Amino acid sequence: MPVASDVREALRAEVARRADFRCEYCLIREDDAAFAHQVDHVISRKHGGPTSAGNLAYACVICNRNKGSDIASADARTGEVVRFFDPRRDRWEDHFRVEGALITPISSIGTGTVRLLRMNVPERIAERRLLQVLGRYPVR
């Protein structure tokens with residue numbers, strides 16, 4: 001049975017178009033994913049985040065499930081709490097770089113996000129490598 005959502009269809013369509021139908025975290029296209037992308041509350045409702053375009057991101061099922069309601073992570077080196085990447089206020093290129101099939105973090109925000117979303121587990125790397133061969137994922 002499908003899970004009920006408080007995101008209206010028109011708002012979901014707006015979020016998807018704004019993201020160019022790509023996951024705003026790992027950049028995979030919805031057409032290349034096994035399951036339809038989901039609308040993610042960047043700041044979860046649990047933490048008071050609104051269901052509005054300014055707090056919603058388009059996310060593949062894997063990134064969205066790994067993120068859950070989390071909004072921050074502890075920096076492995078310093079132990080400081082660092083917020084996650086926020087597609088509404090951050091530029092992807094300021095926090096990540098595609099190197100081969102890896103998503104390499106280039107900031108503390110990127111580091112926490114890559115780790116928690118498990119962006120570079122072997123299965124995700126293999127997926128991106130295949131998509132790159134097919135010309136469906138950025139090569140940089």
# chains A, B, ... in the order shown; residues from 1 in each chain; ligands from 1
>>> select_by_dssp(residues="chain A", states="strand (DSSP E or B)", output="MDAnalysis selection string")
chainID A and resid 22 29 38:41 56:59 72:74 81:83 96:99 102:105
>>> residues_around(residues="Asp32 of chain A", least_positions_apart="5", cutoff="12 Å", atoms="only C-alpha atoms", output="VMD selection string")
chain A and resid 21 to 23 27 37 60 127 to 128 130 to 132 134 to 137
>>> write_last_selection(atoms="C-alpha atoms", output="short mmCIF file (atom, residue, chain, number, x, y, z; two decimals), in the first residue's frame")
data_model
loop_
_atom_site.label_atom_id
_atom_site.label_comp_id
_atom_site.auth_asym_id
_atom_site.auth_seq_id
_atom_site.Cartn_x
_atom_site.Cartn_y
_atom_site.Cartn_z
CA PHE A 21 14.51 15.16 -12.50
CA ARG A 22 17.86 14.35 -10.81
CA CYS A 23 18.58 13.44 -7.21
CA LEU A 27 22.85 13.50 -9.19
CA HIS A 37 12.52 9.68 -6.87
CA CYS A 60 16.53 9.11 -5.11
CA GLU A 127 25.95 2.16 -10.63
CA ARG A 128 27.60 5.50 -11.47
CA LEU A 130 27.83 2.00 -15.62
CA LEU A 131 25.83 5.20 -16.10
CA GLN A 132 29.01 7.05 -17.10
CA LEU A 134 26.23 4.91 -21.06
CA GLY A 135 26.69 8.70 -21.06
CA ARG A 136 23.99 9.12 -18.38
CA TYR A 137 26.07 10.44 -15.46
#
>>> closest_residue(among="A:Lys46, A:Val114, A:Pro138, A:Ser73", to="Arg29 of chain A", atoms="only C-alpha atoms")
A:Pro138
>>> select_by_dssp(residues="chain A", states="helix (DSSP H, G or I)", output="ChimeraX atom specification")
/A:9-18,30-32,45-47,53-55,61-67,92-94,108-117,122-133
>>> write_last_selection(atoms="C-alpha atoms", output="compact mmCIF listing (two decimals), in the first residue's frame")
# COMPACT_ATOMS: atom_id res chain seq x y z
CA GLU A 9 1.10 16.65 -6.71
CA ALA A 10 1.62 20.15 -8.14
CA LEU A 11 4.33 20.87 -5.55
CA ARG A 12 5.98 17.49 -6.21
CA ALA A 13 6.03 18.30 -9.95
CA GLU A 14 7.57 21.72 -9.23
CA VAL A 15 10.31 20.17 -7.08
CA ALA A 16 11.05 17.52 -9.74
CA ARG A 17 11.26 20.08 -12.56
CA ARG A 18 13.46 22.41 -10.51
CA GLU A 30 15.10 9.55 -12.11
CA ASP A 31 14.94 7.72 -15.48
CA ASP A 32 18.08 5.78 -14.48
CA ARG A 45 8.94 17.79 9.65
CA LYS A 46 10.12 16.13 12.87
CA HIS A 47 12.49 19.09 13.30
CA ALA A 53 9.20 24.51 -2.04
CA GLY A 54 11.98 26.21 -0.07
CA ASN A 55 12.45 23.16 2.15
CA VAL A 61 15.12 6.44 -2.82
CA ILE A 62 18.58 5.42 -1.61
CA CYS A 63 19.73 8.92 -0.63
CA ASN A 64 16.37 9.73 0.94
CA ARG A 65 16.27 6.54 2.99
CA ASN A 66 19.85 7.00 4.19
CA LYS A 67 19.20 10.63 5.13
CA TRP A 92 26.62 21.17 -5.17
CA GLU A 93 30.00 22.11 -6.69
CA ASP A 94 31.03 23.87 -3.46
CA SER A 108 33.02 19.38 5.95
CA ILE A 109 29.38 19.61 4.85
CA GLY A 110 30.22 17.38 1.89
CA THR A 111 32.11 14.91 4.08
CA GLY A 112 29.22 14.41 6.48
CA THR A 113 26.71 14.15 3.66
CA VAL A 114 28.73 11.60 1.64
CA ARG A 115 29.26 9.48 4.74
CA LEU A 116 25.69 9.48 6.01
CA LEU A 117 24.07 9.06 2.58
CA PRO A 122 30.58 -0.25 -3.84
CA GLU A 123 27.07 -0.65 -5.28
CA ARG A 124 26.62 3.11 -5.79
CA ILE A 125 30.08 3.42 -7.39
CA ALA A 126 29.28 0.54 -9.78
CA GLU A 127 25.95 2.16 -10.63
CA ARG A 128 27.60 5.50 -11.47
CA ARG A 129 30.39 3.79 -13.43
CA LEU A 130 27.83 2.00 -15.62
CA LEU A 131 25.83 5.20 -16.10
CA GLN A 132 29.01 7.05 -17.10
CA VAL A 133 29.77 4.41 -19.74
>>> residues_around(residues="Ile103 of chain A", least_positions_apart="2", cutoff="9 Å", atoms="only C-alpha atoms", output="list in words")
Cys26, Phe96, Arg97, Val98, Glu99, Gly100, Ala101, Pro105, Val114, Met119, Asn120 and Ile125 of chain A
>>> closest_residue(among="A:Ala36, A:Ala57, A:Val139, A:Gly48", to="Arg89 of chain A", atoms="only C-alpha atoms")
A:Ala57
>>> atom_distance(atom1="atom CA of Ile28 of chain A", atom2="atom CA of Tyr58 of chain A")
10.5 Å
>>> atom_distance(atom1="atom CA of Ile71 of chain A", atom2="atom CA of Phe84 of chain A")
5.7 Å
>>> atom_distance(atom1="atom CA of Thr104 of chain A", atom2="atom CA of Ser44 of chain A")
25.3 Å
>>> decode(residues="segment 34-81 of chain A", atoms="N, CA and C atoms", output="compact mmCIF listing (two decimals), in the first residue's frame")
# COMPACT_ATOMS: atom_id res chain seq x y z
N ALA A 34 15.93 2.64 -10.28
CA ALA A 34 14.96 1.53 -10.27
C ALA A 34 13.59 1.97 -9.75
N PHE A 35 13.58 2.98 -8.89
CA PHE A 35 12.33 3.46 -8.28
C PHE A 35 12.22 4.96 -8.50
N ALA A 36 10.99 5.43 -8.54
CA ALA A 36 10.75 6.87 -8.70
C ALA A 36 11.42 7.65 -7.56
N HIS A 37 11.94 8.82 -7.90
CA HIS A 37 12.52 9.68 -6.87
C HIS A 37 11.42 10.17 -5.93
N GLN A 38 11.86 10.65 -4.78
CA GLN A 38 10.94 11.10 -3.74
C GLN A 38 11.21 12.56 -3.40
N VAL A 39 10.21 13.19 -2.82
CA VAL A 39 10.39 14.55 -2.33
C VAL A 39 10.88 14.44 -0.89
N ASP A 40 12.02 15.07 -0.63
CA ASP A 40 12.65 15.03 0.69
C ASP A 40 12.47 16.36 1.39
N HIS A 41 12.11 16.33 2.65
CA HIS A 41 12.12 17.53 3.48
C HIS A 41 13.57 17.74 3.92
N VAL A 42 14.23 18.78 3.45
CA VAL A 42 15.63 19.04 3.81
C VAL A 42 15.73 19.12 5.33
N ILE A 43 14.92 19.97 5.93
CA ILE A 43 14.75 19.98 7.39
C ILE A 43 13.47 19.20 7.61
N SER A 44 13.58 18.04 8.22
CA SER A 44 12.41 17.16 8.34
C SER A 44 11.29 17.80 9.14
N ARG A 45 10.10 17.31 8.89
CA ARG A 45 8.94 17.79 9.65
C ARG A 45 9.16 17.55 11.14
N LYS A 46 9.82 16.47 11.47
CA LYS A 46 10.12 16.13 12.87
C LYS A 46 10.89 17.26 13.55
N HIS A 47 11.70 17.98 12.77
CA HIS A 47 12.49 19.09 13.30
C HIS A 47 11.87 20.44 12.99
N GLY A 48 10.62 20.45 12.57
CA GLY A 48 9.90 21.70 12.33
C GLY A 48 9.98 22.22 10.91
N GLY A 49 10.53 21.44 9.99
CA GLY A 49 10.64 21.88 8.60
C GLY A 49 9.29 21.90 7.91
N PRO A 50 9.01 22.95 7.16
CA PRO A 50 7.72 23.06 6.49
C PRO A 50 7.66 22.26 5.19
N THR A 51 6.46 21.97 4.76
CA THR A 51 6.24 21.36 3.46
C THR A 51 6.03 22.50 2.47
N SER A 52 7.15 23.10 2.07
CA SER A 52 7.12 24.22 1.13
C SER A 52 8.28 24.04 0.16
N ALA A 53 8.17 24.65 -1.00
CA ALA A 53 9.20 24.51 -2.04
C ALA A 53 10.59 24.85 -1.51
N GLY A 54 10.70 25.79 -0.61
CA GLY A 54 11.98 26.21 -0.07
C GLY A 54 12.63 25.22 0.87
N ASN A 55 11.90 24.17 1.25
CA ASN A 55 12.45 23.16 2.15
C ASN A 55 12.38 21.76 1.55
N LEU A 56 12.12 21.68 0.26
CA LEU A 56 11.99 20.37 -0.37
C LEU A 56 13.08 20.16 -1.40
N ALA A 57 13.56 18.92 -1.47
CA ALA A 57 14.57 18.52 -2.46
C ALA A 57 14.07 17.26 -3.14
N TYR A 58 14.57 17.02 -4.33
CA TYR A 58 14.25 15.80 -5.07
C TYR A 58 15.36 14.81 -4.78
N ALA A 59 15.00 13.61 -4.34
CA ALA A 59 16.02 12.64 -3.89
C ALA A 59 15.69 11.25 -4.39
N CYS A 60 16.73 10.52 -4.77
CA CYS A 60 16.53 9.11 -5.11
C CYS A 60 16.17 8.38 -3.81
N VAL A 61 15.57 7.22 -3.98
CA VAL A 61 15.12 6.44 -2.82
C VAL A 61 16.29 6.14 -1.88
N ILE A 62 17.44 5.80 -2.45
CA ILE A 62 18.58 5.42 -1.61
C ILE A 62 19.07 6.60 -0.78
N CYS A 63 19.29 7.75 -1.40
CA CYS A 63 19.73 8.92 -0.63
C CYS A 63 18.69 9.32 0.41
N ASN A 64 17.41 9.31 0.02
CA ASN A 64 16.37 9.73 0.94
C ASN A 64 16.26 8.79 2.13
N ARG A 65 16.36 7.51 1.88
CA ARG A 65 16.27 6.54 2.99
C ARG A 65 17.48 6.66 3.92
N ASN A 66 18.66 6.85 3.35
CA ASN A 66 19.85 7.00 4.19
C ASN A 66 19.82 8.29 4.99
N LYS A 67 19.28 9.34 4.42
CA LYS A 67 19.20 10.63 5.13
C LYS A 67 18.17 10.57 6.25
N GLY A 68 17.02 9.99 5.95
CA GLY A 68 15.96 9.93 6.97
C GLY A 68 15.61 11.33 7.45
N SER A 69 15.48 11.48 8.74
CA SER A 69 15.15 12.79 9.31
C SER A 69 16.39 13.54 9.81
N ASP A 70 17.57 12.99 9.53
CA ASP A 70 18.81 13.62 9.99
C ASP A 70 19.01 14.97 9.30
N ILE A 71 19.63 15.89 10.02
CA ILE A 71 19.95 17.20 9.47
C ILE A 71 21.42 17.57 9.66
N ALA A 72 22.15 16.73 10.39
CA ALA A 72 23.56 17.03 10.68
C ALA A 72 24.29 15.73 11.01
N SER A 73 25.62 15.85 11.08
CA SER A 73 26.46 14.72 11.41
C SER A 73 27.67 15.24 12.18
N ALA A 74 28.33 14.37 12.91
CA ALA A 74 29.55 14.76 13.61
C ALA A 74 30.73 14.63 12.65
N ASP A 75 31.57 15.64 12.59
CA ASP A 75 32.78 15.60 11.78
C ASP A 75 33.71 14.55 12.40
N ALA A 76 34.14 13.58 11.60
CA ALA A 76 34.95 12.47 12.10
C ALA A 76 36.29 12.95 12.67
N ARG A 77 36.83 14.04 12.13
CA ARG A 77 38.14 14.54 12.60
C ARG A 77 38.03 15.39 13.85
N THR A 78 37.04 16.29 13.88
CA THR A 78 36.96 17.27 14.97
C THR A 78 35.90 16.94 16.01
N GLY A 79 34.93 16.11 15.64
CA GLY A 79 33.83 15.81 16.55
C GLY A 79 32.76 16.89 16.55
N GLU A 80 32.97 17.98 15.80
CA GLU A 80 31.99 19.06 15.74
C GLU A 80 30.78 18.64 14.91
N VAL A 81 29.62 19.16 15.28
CA VAL A 81 28.40 18.89 14.53
C VAL A 81 28.41 19.77 13.27
